[in-house]
file upload-v8.txt (compact mmCIF, C-alpha atoms and all ligand atoms)
# COMPACT_ATOMS: atom_id res chain seq x y z
CA MET A 85 0.00 0.00 0.00
CA SER A 86 1.41 3.41 -0.92
CA ALA A 87 1.62 6.17 1.69
CA ARG A 88 -1.04 8.41 0.19
CA PRO A 89 -4.50 6.96 -0.35
CA LEU A 90 -5.91 7.14 -3.87
CA LEU A 91 -9.08 9.22 -3.96
CA MET A 92 -11.71 7.39 -6.00
CA ILE A 93 -14.85 8.97 -4.55
CA PRO A 94 -17.17 10.98 -6.81
CA GLY A 95 -15.41 14.22 -5.80
CA PRO A 96 -13.18 15.64 -4.53
CA ILE A 97 -10.97 13.87 -7.05
CA GLU A 98 -7.26 13.34 -7.66
CA LEU A 99 -5.55 16.41 -9.14
CA SER A 100 -3.23 16.50 -12.13
CA PRO A 101 0.33 17.59 -11.29
CA GLY A 102 -0.20 20.87 -13.17
CA VAL A 103 -3.35 21.80 -11.26
CA GLN A 104 -1.78 20.71 -7.97
CA ALA A 105 1.20 23.02 -8.57
CA ALA A 106 -1.01 25.98 -9.49
CA ALA A 107 -3.27 25.45 -6.46
CA ASP A 108 -0.25 25.16 -4.13
CA GLY A 109 1.25 28.55 -5.05
CA PRO A 110 1.85 31.49 -2.70
CA ALA A 111 -0.83 33.84 -1.34
CA LEU A 112 -2.33 36.05 -4.00
CA SER A 113 -4.22 39.36 -3.79
CA HIS A 114 -7.57 39.60 -5.52
CA THR A 115 -6.31 42.71 -7.34
CA ALA A 116 -2.92 41.28 -8.40
CA PRO A 117 -2.29 41.42 -12.17
CA ASP A 118 -1.71 37.63 -12.20
CA LEU A 119 -5.05 37.01 -10.56
CA ILE A 120 -6.89 39.37 -12.90
CA ALA A 121 -5.29 37.66 -15.91
CA ALA A 122 -6.14 34.18 -14.58
CA PHE A 123 -9.74 35.17 -13.82
CA GLY A 124 -10.26 36.67 -17.27
CA GLN A 125 -8.68 33.68 -19.00
CA ALA A 126 -10.78 31.29 -16.94
CA LEU A 127 -14.00 33.03 -17.95
CA ARG A 128 -13.07 32.83 -21.64
CA ASP A 129 -12.07 29.17 -21.30
CA MET A 130 -15.25 28.33 -19.40
CA ARG A 131 -17.28 29.26 -22.48
CA ALA A 132 -15.20 26.75 -24.45
CA VAL A 133 -15.42 23.96 -21.85
CA TRP A 134 -19.17 24.50 -21.43
CA GLN A 135 -19.45 24.86 -25.24
CA ALA A 136 -21.44 28.05 -24.80
CA GLY A 137 -21.87 31.00 -27.16
CA PRO A 138 -20.07 34.34 -26.82
CA ASP A 139 -23.10 35.95 -25.14
CA ALA A 140 -23.20 33.38 -22.31
CA GLN A 141 -22.01 34.70 -18.94
CA PRO A 142 -19.65 32.54 -16.87
CA LEU A 143 -19.74 33.12 -13.11
CA VAL A 144 -17.11 31.97 -10.60
CA VAL A 145 -17.96 32.35 -6.93
CA ALA A 146 -16.23 31.02 -3.83
CA GLY A 147 -18.39 28.18 -2.57
CA SER A 148 -19.46 24.70 -3.55
CA GLY A 149 -21.94 23.25 -5.99
CA THR A 150 -24.78 23.72 -3.52
CA LEU A 151 -24.20 27.48 -3.65
CA ALA A 152 -24.41 27.48 -7.46
CA MET A 153 -27.71 25.55 -7.16
CA GLU A 154 -29.09 28.07 -4.66
CA MET A 155 -28.06 30.96 -6.91
CA ALA A 156 -29.93 29.40 -9.82
CA ALA A 157 -33.06 28.88 -7.72
CA CYS A 158 -33.26 32.41 -6.36
CA ASN A 159 -32.08 34.31 -9.46
CA LEU A 160 -34.56 32.68 -11.82
CA LEU A 161 -37.82 32.41 -9.92
CA ASP A 162 -40.04 34.68 -7.88
CA PRO A 163 -42.18 33.16 -5.15
CA GLY A 164 -45.30 31.66 -6.72
CA GLN A 165 -43.69 30.81 -10.07
CA HIS A 166 -43.84 27.21 -11.27
CA ALA A 167 -40.87 24.87 -11.57
CA LEU A 168 -40.47 21.24 -12.53
CA VAL A 169 -37.66 19.09 -11.13
CA VAL A 170 -36.68 15.93 -13.01
CA ASP A 171 -35.83 13.88 -9.95
CA THR A 172 -33.19 11.17 -10.19
CA GLY A 173 -31.85 11.23 -6.65
CA VAL A 174 -30.62 13.15 -3.63
CA PHE A 175 -29.34 16.19 -5.52
CA SER A 176 -32.52 16.64 -7.53
CA ALA A 177 -34.40 16.46 -4.23
CA ARG A 178 -32.08 19.13 -2.80
CA MET A 179 -32.86 21.36 -5.79
CA ALA A 180 -36.61 20.88 -5.22
CA GLU A 181 -36.20 21.84 -1.56
CA MET A 182 -34.28 25.01 -2.49
CA LEU A 183 -36.99 25.99 -4.95
CA ALA A 184 -39.69 25.35 -2.35
CA ARG A 185 -37.83 27.55 0.15
CA ARG A 186 -37.70 30.27 -2.51
CA GLY A 187 -41.50 30.03 -2.53
CA ALA A 188 -41.74 28.51 -5.98
CA VAL A 189 -44.51 26.05 -6.79
CA VAL A 190 -42.49 22.88 -7.36
CA ARG A 191 -43.49 19.67 -9.03
CA ARG A 192 -41.12 16.72 -8.74
CA LEU A 193 -41.10 14.14 -11.49
CA SER A 194 -39.57 11.26 -9.57
CA ALA A 195 -38.16 7.85 -10.37
CA GLU A 196 -37.04 4.87 -8.31
CA PRO A 197 -33.32 4.88 -7.39
CA GLY A 198 -31.44 3.81 -10.50
CA GLU A 199 -34.21 4.89 -12.87
CA ALA A 200 -35.03 8.12 -14.69
CA PRO A 201 -38.56 9.43 -15.24
CA PRO A 202 -39.80 8.32 -18.68
CA LEU A 203 -39.89 10.97 -21.40
CA ALA A 204 -43.64 10.44 -21.78
CA ALA A 205 -44.06 11.52 -18.15
CA LEU A 206 -41.94 14.60 -18.83
CA GLU A 207 -44.04 15.45 -21.87
CA GLN A 208 -47.21 15.15 -19.77
CA ALA A 209 -45.76 17.34 -17.02
CA LEU A 210 -44.72 19.97 -19.57
CA ALA A 211 -48.18 19.90 -21.13
CA ALA A 212 -49.92 20.21 -17.75
CA GLY A 213 -49.38 23.95 -17.44
CA PRO A 214 -46.94 26.74 -18.06
CA LEU A 215 -43.64 26.31 -16.26
CA HIS A 216 -41.15 29.05 -15.60
CA ALA A 217 -38.18 26.68 -15.30
CA VAL A 218 -37.21 23.02 -15.51
CA PHE A 219 -34.36 21.68 -13.35
CA VAL A 220 -32.41 18.57 -14.31
CA THR A 221 -29.50 16.80 -12.62
CA HIS A 222 -27.31 15.58 -15.47
CA VAL A 223 -25.75 12.87 -13.29
CA ASP A 224 -27.20 12.30 -9.86
CA THR A 225 -24.29 11.23 -7.69
CA SER A 226 -26.49 9.33 -5.26
CA THR A 227 -27.79 6.89 -7.88
CA GLY A 228 -25.21 7.06 -10.69
CA VAL A 229 -28.02 7.86 -13.13
CA ARG A 230 -27.34 10.05 -16.15
CA VAL A 231 -30.47 11.49 -17.75
CA ASP A 232 -30.89 11.76 -21.51
CA LEU A 233 -30.22 15.48 -21.63
CA PRO A 234 -30.61 16.00 -25.41
CA ALA A 235 -34.02 14.30 -25.29
CA ILE A 236 -35.10 16.35 -22.25
CA ALA A 237 -33.81 19.62 -23.74
CA SER A 238 -35.64 18.98 -27.01
CA ARG A 239 -38.92 18.63 -25.05
CA VAL A 240 -38.34 21.63 -22.78
CA ARG A 241 -37.10 24.13 -25.38
CA PRO A 242 -40.36 24.50 -27.33
CA THR A 243 -42.26 25.26 -24.10
CA GLY A 244 -40.18 28.38 -23.46
CA ALA A 245 -39.35 27.29 -19.90
CA LEU A 246 -35.85 28.04 -18.65
CA LEU A 247 -33.65 24.93 -18.54
CA VAL A 248 -31.25 24.52 -15.61
CA VAL A 249 -28.72 21.69 -15.54
CA ASP A 250 -26.96 20.64 -12.35
CA GLY A 251 -23.76 19.39 -13.94
CA VAL A 252 -21.83 19.01 -10.68
CA CYS A 253 -21.10 15.32 -11.24
CA ALA A 254 -21.15 15.48 -15.03
CA LEU A 255 -19.63 18.63 -16.46
CA ALA A 256 -16.28 17.92 -18.16
CA GLY A 257 -16.99 14.18 -17.91
CA GLU A 258 -20.21 13.67 -19.86
CA ALA A 259 -20.91 14.94 -23.37
CA PHE A 260 -22.48 18.34 -22.96
CA ALA A 261 -22.82 21.61 -24.85
CA VAL A 262 -24.72 24.61 -23.51
CA GLU A 263 -25.36 26.16 -26.91
CA ALA A 264 -26.42 23.03 -28.79
CA LEU A 265 -28.78 21.99 -25.99
CA GLY A 266 -30.15 25.46 -25.30
CA VAL A 267 -29.34 25.35 -21.59
CA ASP A 268 -29.98 28.52 -19.57
CA VAL A 269 -27.95 27.68 -16.48
CA ALA A 270 -25.23 25.02 -16.43
CA LEU A 271 -23.66 24.80 -13.00
CA THR A 272 -20.91 22.77 -11.39
CA ALA A 273 -18.34 22.72 -8.61
CA SER A 274 -14.56 22.74 -8.90
CA GLN A 275 -13.89 19.40 -7.17
CA LYS A 276 -15.43 17.10 -9.76
CA ALA A 277 -14.49 16.46 -13.38
CA LEU A 278 -13.05 19.96 -13.80
CA GLY A 279 -10.23 18.58 -11.67
CA LEU A 280 -9.62 21.27 -9.01
CA PRO A 281 -9.79 21.22 -5.23
CA PRO A 282 -13.21 22.07 -3.75
CA GLY A 283 -14.13 25.73 -3.24
CA LEU A 284 -15.51 27.19 -6.46
CA ALA A 285 -19.15 27.34 -7.53
CA LEU A 286 -19.18 27.75 -11.31
CA SER A 287 -22.09 28.56 -13.58
CA VAL A 288 -22.61 29.61 -17.17
CA VAL A 289 -25.85 31.50 -17.62
CA SER A 290 -27.68 32.55 -20.77
CA PRO A 291 -28.92 36.03 -21.66
CA ARG A 292 -32.44 34.68 -21.07
CA ALA A 293 -31.47 33.64 -17.56
CA LEU A 294 -30.09 37.14 -16.87
CA GLU A 295 -33.34 38.61 -18.21
CA ALA A 296 -35.26 36.38 -15.80
CA ARG A 297 -33.15 37.75 -12.95
CA ALA A 298 -33.76 41.33 -14.09
CA ALA A 299 -37.51 40.70 -14.16
CA LEU A 300 -37.73 39.42 -10.57
CA ALA A 301 -40.03 41.26 -8.20
CA HIS A 302 -38.18 39.80 -5.20
CA PRO A 303 -34.40 40.09 -5.54
CA PRO A 304 -32.27 37.25 -4.19
CA PRO A 305 -30.13 37.64 -1.05
CA LEU A 306 -27.31 40.05 -1.85
CA ALA A 307 -24.46 37.51 -1.74
CA LEU A 308 -26.33 35.21 -4.15
CA ASP A 309 -27.45 37.88 -6.58
CA TRP A 310 -26.03 37.42 -10.10
CA THR A 311 -26.57 41.17 -10.63
CA GLU A 312 -24.07 41.95 -7.88
CA TRP A 313 -21.52 39.51 -9.33
CA LEU A 314 -21.81 40.63 -12.97
CA PRO A 315 -19.74 43.85 -12.79
CA ILE A 316 -16.73 42.11 -11.26
CA HIS A 317 -16.87 39.33 -13.84
CA ARG A 318 -17.06 41.87 -16.64
CA ALA A 319 -14.17 43.81 -15.12
CA TYR A 320 -11.97 40.73 -14.73
CA GLU A 321 -12.67 39.68 -18.30
CA GLU A 322 -11.65 43.16 -19.47
CA GLY A 323 -8.47 42.95 -17.37
CA ARG A 324 -9.48 45.45 -14.69
CA PRO A 325 -9.33 44.91 -10.91
CA SER A 326 -12.67 44.84 -9.16
CA TYR A 327 -14.25 43.90 -5.87
CA PHE A 328 -17.59 42.64 -4.69
CA ALA A 329 -16.63 39.76 -2.40
CA THR A 330 -13.14 38.27 -2.17
CA PRO A 331 -12.60 35.48 -4.68
CA ALA A 332 -10.87 32.22 -3.72
CA THR A 333 -7.66 33.50 -5.29
CA GLY A 334 -5.58 30.31 -5.11
CA LEU A 335 -8.33 28.31 -6.79
CA VAL A 336 -8.92 31.00 -9.41
CA ARG A 337 -5.20 30.85 -10.23
CA ALA A 338 -5.52 27.09 -10.77
CA LEU A 339 -8.79 27.32 -12.73
CA PRO A 340 -7.38 28.27 -16.16
CA VAL A 341 -4.74 25.55 -15.75
CA ALA A 342 -7.45 22.93 -15.25
CA LEU A 343 -9.56 24.31 -18.10
CA ARG A 344 -6.55 24.41 -20.46
CA GLU A 345 -5.74 20.76 -19.70
CA LEU A 346 -9.26 19.88 -20.82
CA LEU A 347 -9.22 22.07 -23.93
CA ASP A 348 -5.75 20.87 -24.96
CA ALA A 349 -6.62 17.14 -24.62
CA ARG A 350 -5.78 15.07 -27.72
CA GLU A 351 -6.70 11.42 -28.05
CA GLY A 352 -6.89 9.45 -31.26
CA PRO A 353 -9.22 11.27 -33.63
CA HIS A 354 -10.59 13.48 -30.83
CA ALA A 355 -9.42 16.86 -29.55
CA GLY A 356 -10.49 19.11 -26.70
CA MET A 357 -13.75 18.35 -24.92
CA GLU A 358 -14.63 15.61 -27.42
CA ALA A 359 -11.41 13.82 -26.39
CA VAL A 360 -12.24 14.28 -22.71
CA PHE A 361 -15.78 12.93 -23.16
CA ALA A 362 -14.56 9.96 -25.24
CA ARG A 363 -11.95 9.11 -22.61
CA HIS A 364 -14.51 9.17 -19.77
CA ALA A 365 -16.84 6.97 -21.82
CA ARG A 366 -14.05 4.49 -22.56
CA VAL A 367 -12.91 4.34 -18.92
CA ALA A 368 -16.49 3.88 -17.69
CA ARG A 369 -17.04 1.04 -20.21
CA ALA A 370 -13.78 -0.64 -19.19
CA LEU A 371 -14.65 -0.40 -15.50
CA ARG A 372 -18.14 -1.77 -16.14
CA ALA A 373 -16.47 -4.74 -17.84
CA ALA A 374 -14.26 -5.15 -14.75
CA TRP A 375 -17.13 -5.02 -12.24
CA ARG A 376 -18.90 -7.98 -13.87
CA PRO A 377 -16.32 -10.71 -13.07
CA LEU A 378 -16.17 -9.31 -9.55
CA GLY A 379 -19.90 -9.99 -9.19
CA LEU A 380 -20.71 -6.27 -8.88
CA ARG A 381 -23.86 -4.95 -10.52
CA LEU A 382 -24.62 -1.31 -11.29
CA VAL A 383 -27.53 0.41 -9.56
CA PRO A 384 -28.69 2.11 -12.80
CA LYS A 385 -29.57 0.22 -15.94
CA GLU A 386 -26.59 0.19 -18.28
CA ALA A 387 -28.22 2.73 -20.63
CA LEU A 388 -28.57 5.20 -17.74
CA ALA A 389 -25.17 4.53 -16.16
CA ALA A 390 -23.01 7.64 -15.81
CA ASN A 391 -19.49 7.83 -17.20
CA THR A 392 -18.24 9.77 -14.17
CA LEU A 393 -19.01 7.33 -11.36
CA ALA A 394 -20.35 3.86 -10.69
CA ALA A 395 -23.04 3.25 -8.09
CA LEU A 396 -22.71 -0.47 -7.36
CA TRP A 397 -24.90 -2.88 -5.40
CA LEU A 398 -23.02 -4.61 -2.60
CA PRO A 399 -23.14 -8.38 -3.09
CA ASP A 400 -25.26 -10.32 -0.59
CA GLY A 401 -23.58 -10.61 2.77
CA VAL A 402 -21.11 -7.76 2.22
CA GLU A 403 -21.41 -5.15 4.96
CA PRO A 404 -22.08 -1.44 4.31
CA SER A 405 -18.68 -0.80 5.93
CA PHE A 406 -17.10 -2.25 2.75
CA PRO A 407 -15.39 1.08 1.79
CA ALA A 408 -13.28 0.77 4.97
CA ALA A 409 -11.96 -2.59 3.77
CA VAL A 410 -11.05 -1.00 0.43
CA ALA A 411 -9.42 1.96 2.22
CA LYS A 412 -7.16 -0.48 4.09
CA ARG A 413 -5.78 -1.25 0.63
CA GLY A 414 -5.02 2.39 -0.08
CA VAL A 415 -8.05 3.29 -2.19
CA VAL A 416 -10.85 5.54 -0.97
CA ILE A 417 -14.31 4.82 -2.36
CA ALA A 418 -17.63 6.20 -1.13
CA GLY A 419 -20.48 4.50 0.68
CA GLY A 420 -24.10 4.69 -0.45
CA LEU A 421 -25.80 8.09 -0.31
CA HIS A 422 -29.40 7.73 -1.44
CA PRO A 423 -31.45 6.98 1.69
CA ALA A 424 -33.31 4.09 0.00
CA ILE A 425 -30.11 2.25 -0.97
CA ARG A 426 -27.53 3.70 1.41
CA THR A 427 -26.58 0.47 3.17
CA ARG A 428 -26.77 -1.69 0.05
CA SER A 429 -24.58 0.26 -2.36
CA VAL A 430 -21.17 1.88 -2.76
CA ARG A 431 -19.90 4.47 -5.22
CA VAL A 432 -16.65 4.71 -7.14
CA GLY A 433 -15.74 7.99 -8.85
CA HIS A 434 -13.87 7.83 -12.15
CA MET A 435 -13.47 11.33 -13.48
CA GLY A 436 -10.67 13.73 -14.28
CA HIS A 437 -6.99 12.95 -13.88
CA VAL A 438 -7.41 9.24 -12.98
CA THR A 439 -9.00 8.61 -16.37
CA THR A 440 -5.57 9.28 -17.89
CA ARG A 441 -3.85 6.83 -15.51
CA PRO A 442 -4.65 3.15 -16.26
CA GLU A 443 -2.46 1.98 -13.36
CA LEU A 444 -4.61 3.92 -10.87
CA LEU A 445 -7.77 2.36 -12.30
CA ALA A 446 -6.17 -1.10 -12.02
CA ARG A 447 -5.17 -0.33 -8.44
CA THR A 448 -8.80 0.52 -7.69
CA VAL A 449 -10.14 -2.68 -9.24
CA ARG A 450 -7.52 -4.72 -7.38
CA ALA A 451 -8.32 -3.11 -4.01
CA ILE A 452 -12.04 -3.69 -4.49
CA GLY A 453 -11.50 -7.28 -5.69
CA GLU A 454 -9.27 -8.10 -2.72
CA ALA A 455 -11.69 -6.50 -0.26
CA LEU A 456 -14.56 -8.53 -1.77
CA ALA A 457 -12.55 -11.72 -1.32
CA GLU A 458 -11.88 -10.78 2.30
CA ALA A 459 -15.61 -10.16 2.78
CA GLY A 460 -16.40 -13.68 1.54
CA ALA A 461 -17.69 -12.61 -1.88
CA PRO A 462 -14.73 -13.38 -4.09
CA GLY A 463 -15.02 -12.65 -7.77
CA ASP A 464 -12.51 -13.38 -10.51
CA LEU A 465 -9.98 -10.58 -9.97
CA ASP A 466 -7.68 -11.69 -12.80
CA ALA A 467 -10.61 -11.62 -15.21
CA ALA A 468 -11.60 -8.19 -13.93
CA LEU A 469 -8.12 -6.79 -14.46
CA THR A 470 -7.93 -8.31 -17.93
CA ALA A 471 -11.34 -6.87 -18.82
CA LEU A 472 -10.21 -3.45 -17.59
CA GLU A 473 -7.02 -3.56 -19.60
CA ARG A 474 -8.84 -4.69 -22.75
CA GLY A 475 -11.52 -2.04 -22.28
CA LEU A 476 -8.96 0.72 -21.88
CA ALA A 477 -7.13 -0.41 -25.00
CA SER A 478 -10.28 -0.54 -27.14
N1 LIG A 501 -25.24 18.21 -7.35
C1 LIG A 501 -24.64 17.05 -7.57
C2 LIG A 501 -25.07 16.22 -8.73
C3 LIG A 501 -23.59 16.63 -6.73
O1 LIG A 501 -22.98 15.48 -6.96
C4 LIG A 501 -23.20 17.45 -5.66
C5 LIG A 501 -22.08 17.05 -4.73
N2 LIG A 501 -21.83 15.72 -4.61
C6 LIG A 501 -23.88 18.65 -5.47
C7 LIG A 501 -24.89 19.01 -6.34
C8 LIG A 501 -23.52 19.55 -4.36
O2 LIG A 501 -22.24 20.04 -4.55
P1 LIG A 501 -21.32 20.47 -3.32
O3 LIG A 501 -21.11 19.28 -2.47
O4 LIG A 501 -20.07 20.94 -4.01
O5 LIG A 501 -22.04 21.56 -2.62

call {"tool": "encode", "arguments": {"input": "upload-v8.txt", "output": "structure tokens"}}
result
Amino acid sequence: MSARPLLMIPGPIELSPGVQAAADGPALSHTAPDLIAAFGQALRDMRAVWQAGPDAQPLVVAGSGTLAMEMAACNLLDPGQHALVVDTGVFSARMAEMLARRGAVVRRLSAEPGEAPPLAALEQALAAGPLHAVFVTHVDTSTGVRVDLPAIASRVRPTGALLVVDGVCALAGEAFAVEALGVDVALTASQKALGLPPGLALSVVSPRALEARAALAHPPPLALDWTEWLPIHRAYEEGRPSYFATPATGLVRALPVALRELLDAREGPHAGMEAVFARHARVARALRAAWRPLGLRLVPKEALAANTLAALWLPDGVEPSFPAAVAKRGVVIAGGLHPAIRTRSVRVGHMGHVTTRPELLARTVRAIGEALAEAGAPGDLDAALTALERGLAS
């Protein structure tokens, strides 16, 4: 076992050496020329990573993904306005709760853990009455379910409702493009597939979303108000110092490094985000092939299984404390999160830097296979490692 445990939870994730070095640098003022340059570059690069048009507004705020969700809820809707939440797990439920606290009239379109609401149910919900906004969790980290975002977007767009995507466990890991899908708010957090330490809440918002904010009768709390944050973002992008609330300067310095690593990716016929998406898909396929000989089944149906993490059923007789047995072997995986399946499932993150490191993926499969054998549920570890290797080479 190596001295430092390998982080294979669905965020925070392992950092690339380049991002690590940038994040570890000395203290930095929020008005330093280096910081202003990094902030401006990050905003430009965010449009490219999110695949958004030139009129989309990137926002970078110190905080976590939950903050970006809260900002979306209270900048888009006034109390009494109607919202629909496509509910695929704990984080969709959190979004619904935030909207309810904002005073919105919220309808949840729910599915069993591991399932997604059928499109026919979405169509019915959209037809049932005018909606101001529809909220979707691209990948719900509690169930490992990825929704069919292009299909959902194509149903929502003609209704005129705003479309908000929680991409915290998806963005920069799952195929996604703000402009092509017509997304109004695409939000994430720094500690997932973007590949930074935790601490930044990142959103890209459309002109329509900013219009919705401008039309609110009840402004959001000051610290969450996009209108307050806009001038400093515009200033930073134009290379001028500005202040509203102190940015997380060390993380902002590392942000363009992480974004550049994504945009500069080259793999086979793919470049940039297409290369990153293809790599995550290949790694997820290879790991799925490795879980099978270990006797591990995915919580979602294969067609709904995310490329950024695996939610796996624990085999019969294996205790919910299983992640501790894996941690003894130097690999940190996560326990179950969704209340309905918490004690019967575990979650393995596979996004960002580790997707470029086959030996770290093999180490993960080996640690899990050995821990299963110790728990009395041995699978065929050699077959799992061979399947992984073949999958990664394909
Ligand atoms: N949405 C999803 C899909 C998530 O996975 C998470 C975090 N696991 C969040 C929202 C909340 O993000 P944070 O923990 O950074 O506040």

call {"tool": "closest_residue", "arguments": {"input": "upload-v8.txt", "among": "A:Pro163, A:Gly334, A:Pro404, A:Gly433", "to": "ligand LIG 501 (chain A)", "atoms": "all atoms listed in the file"}}
result
A:Gly433

call {"tool": "closest_atom_pairs", "arguments": {"input": "upload-v8.txt", "of": "segment 125-215 of chain A", "to": "segment 250-258 of chain A", "cutoff": "8 Å", "atoms": "all atoms listed in the file", "output": "CSV"}}
result
residue,atom,partner,partner_atom,distance
A:Val133,CA,A:Ala256,CA,7.1
A:Trp134,CA,A:Leu255,CA,7.7
A:Gly149,CA,A:Val252,CA,6.3
A:Met153,CA,A:Asp250,CA,7.2

call {"tool": "atom_distance", "arguments": {"input": "upload-v8.txt", "atom1": "atom CA of His434 of chain A", "atom2": "atom CA of Leu472 of chain A"}}
result
13.0 Å

call {"tool": "atom_distance", "arguments": {"input": "upload-v8.txt", "atom1": "atom CA of Gln135 of chain A", "atom2": "atom CA of Ala261 of chain A"}}
result
4.7 Å

call {"tool": "residues_around", "arguments": {"input": "upload-v8.txt", "residues": "Ala259 of chain A", "least_positions_apart": "5", "cutoff": "12 Å", "atoms": "all atoms listed in the file", "output": "list of chain:residue names"}}
result
A:Val133, A:Trp134, A:Gln135, A:His222, A:Val223, A:Arg230, A:Val231, A:Asp232, A:Leu233, A:Pro234, A:Gly251, A:Ala254, A:Ala264, A:Leu265, A:Ala277, A:Gly356, A:Met357, A:Glu358, A:Ala359, A:Val360, A:Phe361, A:Ala362, A:Arg363, A:His364, A:Ala365, A:Ala390, A:Asn391, A:Thr392

call {"tool": "residues_near_ligand", "arguments": {"input": "upload-v8.txt", "ligand": "ligand LIG 501 (chain A)", "cutoff": "10 Å", "atoms": "all atoms listed in the file", "output": "PyMOL selection string"}}
result
chain A and resi 93-96+147-154+172-179+220-230+249-255+271-276+282-285+421

call {"tool": "residues_around", "arguments": {"input": "upload-v8.txt", "residues": "segment 376-380 of chain A", "least_positions_apart": "6", "cutoff": "12 Å", "atoms": "only C-alpha atoms", "output": "mmCIF file with C-alpha atoms, in the coordinates of the input"}}
result
data_model
loop_
_atom_site.group_PDB
_atom_site.id
_atom_site.type_symbol
_atom_site.label_atom_id
_atom_site.label_comp_id
_atom_site.auth_asym_id
_atom_site.auth_seq_id
_atom_site.Cartn_x
_atom_site.Cartn_y
_atom_site.Cartn_z
ATOM 1 C CA ARG A 369 -17.040 1.040 -20.210
ATOM 2 C CA ALA A 370 -13.780 -0.640 -19.190
ATOM 3 C CA ALA A 394 -20.350 3.860 -10.690
ATOM 4 C CA ALA A 395 -23.040 3.250 -8.090
ATOM 5 C CA LEU A 396 -22.710 -0.470 -7.360
ATOM 6 C CA TRP A 397 -24.900 -2.880 -5.400
ATOM 7 C CA LEU A 398 -23.020 -4.610 -2.600
ATOM 8 C CA PRO A 399 -23.140 -8.380 -3.090
ATOM 9 C CA ASP A 400 -25.260 -10.320 -0.590
ATOM 10 C CA VAL A 402 -21.110 -7.760 2.220
ATOM 11 C CA ARG A 428 -26.770 -1.690 0.050
ATOM 12 C CA SER A 429 -24.580 0.260 -2.360
ATOM 13 C CA VAL A 430 -21.170 1.880 -2.760
ATOM 14 C CA ARG A 431 -19.900 4.470 -5.220
ATOM 15 C CA VAL A 432 -16.650 4.710 -7.140
ATOM 16 C CA VAL A 449 -10.140 -2.680 -9.240
ATOM 17 C CA ARG A 450 -7.520 -4.720 -7.380
ATOM 18 C CA ALA A 451 -8.320 -3.110 -4.010
ATOM 19 C CA ILE A 452 -12.040 -3.690 -4.490
ATOM 20 C CA GLY A 453 -11.500 -7.280 -5.690
ATOM 21 C CA GLU A 454 -9.270 -8.100 -2.720
ATOM 22 C CA ALA A 455 -11.690 -6.500 -0.260
ATOM 23 C CA LEU A 456 -14.560 -8.530 -1.770
ATOM 24 C CA ALA A 457 -12.550 -11.720 -1.320
ATOM 25 C CA GLY A 460 -16.400 -13.680 1.540
ATOM 26 C CA ALA A 461 -17.690 -12.610 -1.880
ATOM 27 C CA PRO A 462 -14.730 -13.380 -4.090
ATOM 28 C CA GLY A 463 -15.020 -12.650 -7.770
ATOM 29 C CA ASP A 464 -12.510 -13.380 -10.510
ATOM 30 C CA LEU A 465 -9.980 -10.580 -9.970
ATOM 31 C CA ASP A 466 -7.680 -11.690 -12.800
ATOM 32 C CA ALA A 467 -10.610 -11.620 -15.210
ATOM 33 C CA ALA A 468 -11.600 -8.190 -13.930
ATOM 34 C CA LEU A 469 -8.120 -6.790 -14.460
ATOM 35 C CA THR A 470 -7.930 -8.310 -17.930
ATOM 36 C CA ALA A 471 -11.340 -6.870 -18.820
ATOM 37 C CA LEU A 472 -10.210 -3.450 -17.590
#

call {"tool": "residues_around", "arguments": {"input": "upload-v8.txt", "residues": "Glu98 of chain A", "least_positions_apart": "2", "cutoff": "8 Å", "atoms": "only C-alpha atoms", "output": "list in words"}}
result
Leu90, Leu91, Met92, Pro96, Ser100, Gly279, Gly436, His437 and Val438 of chain A
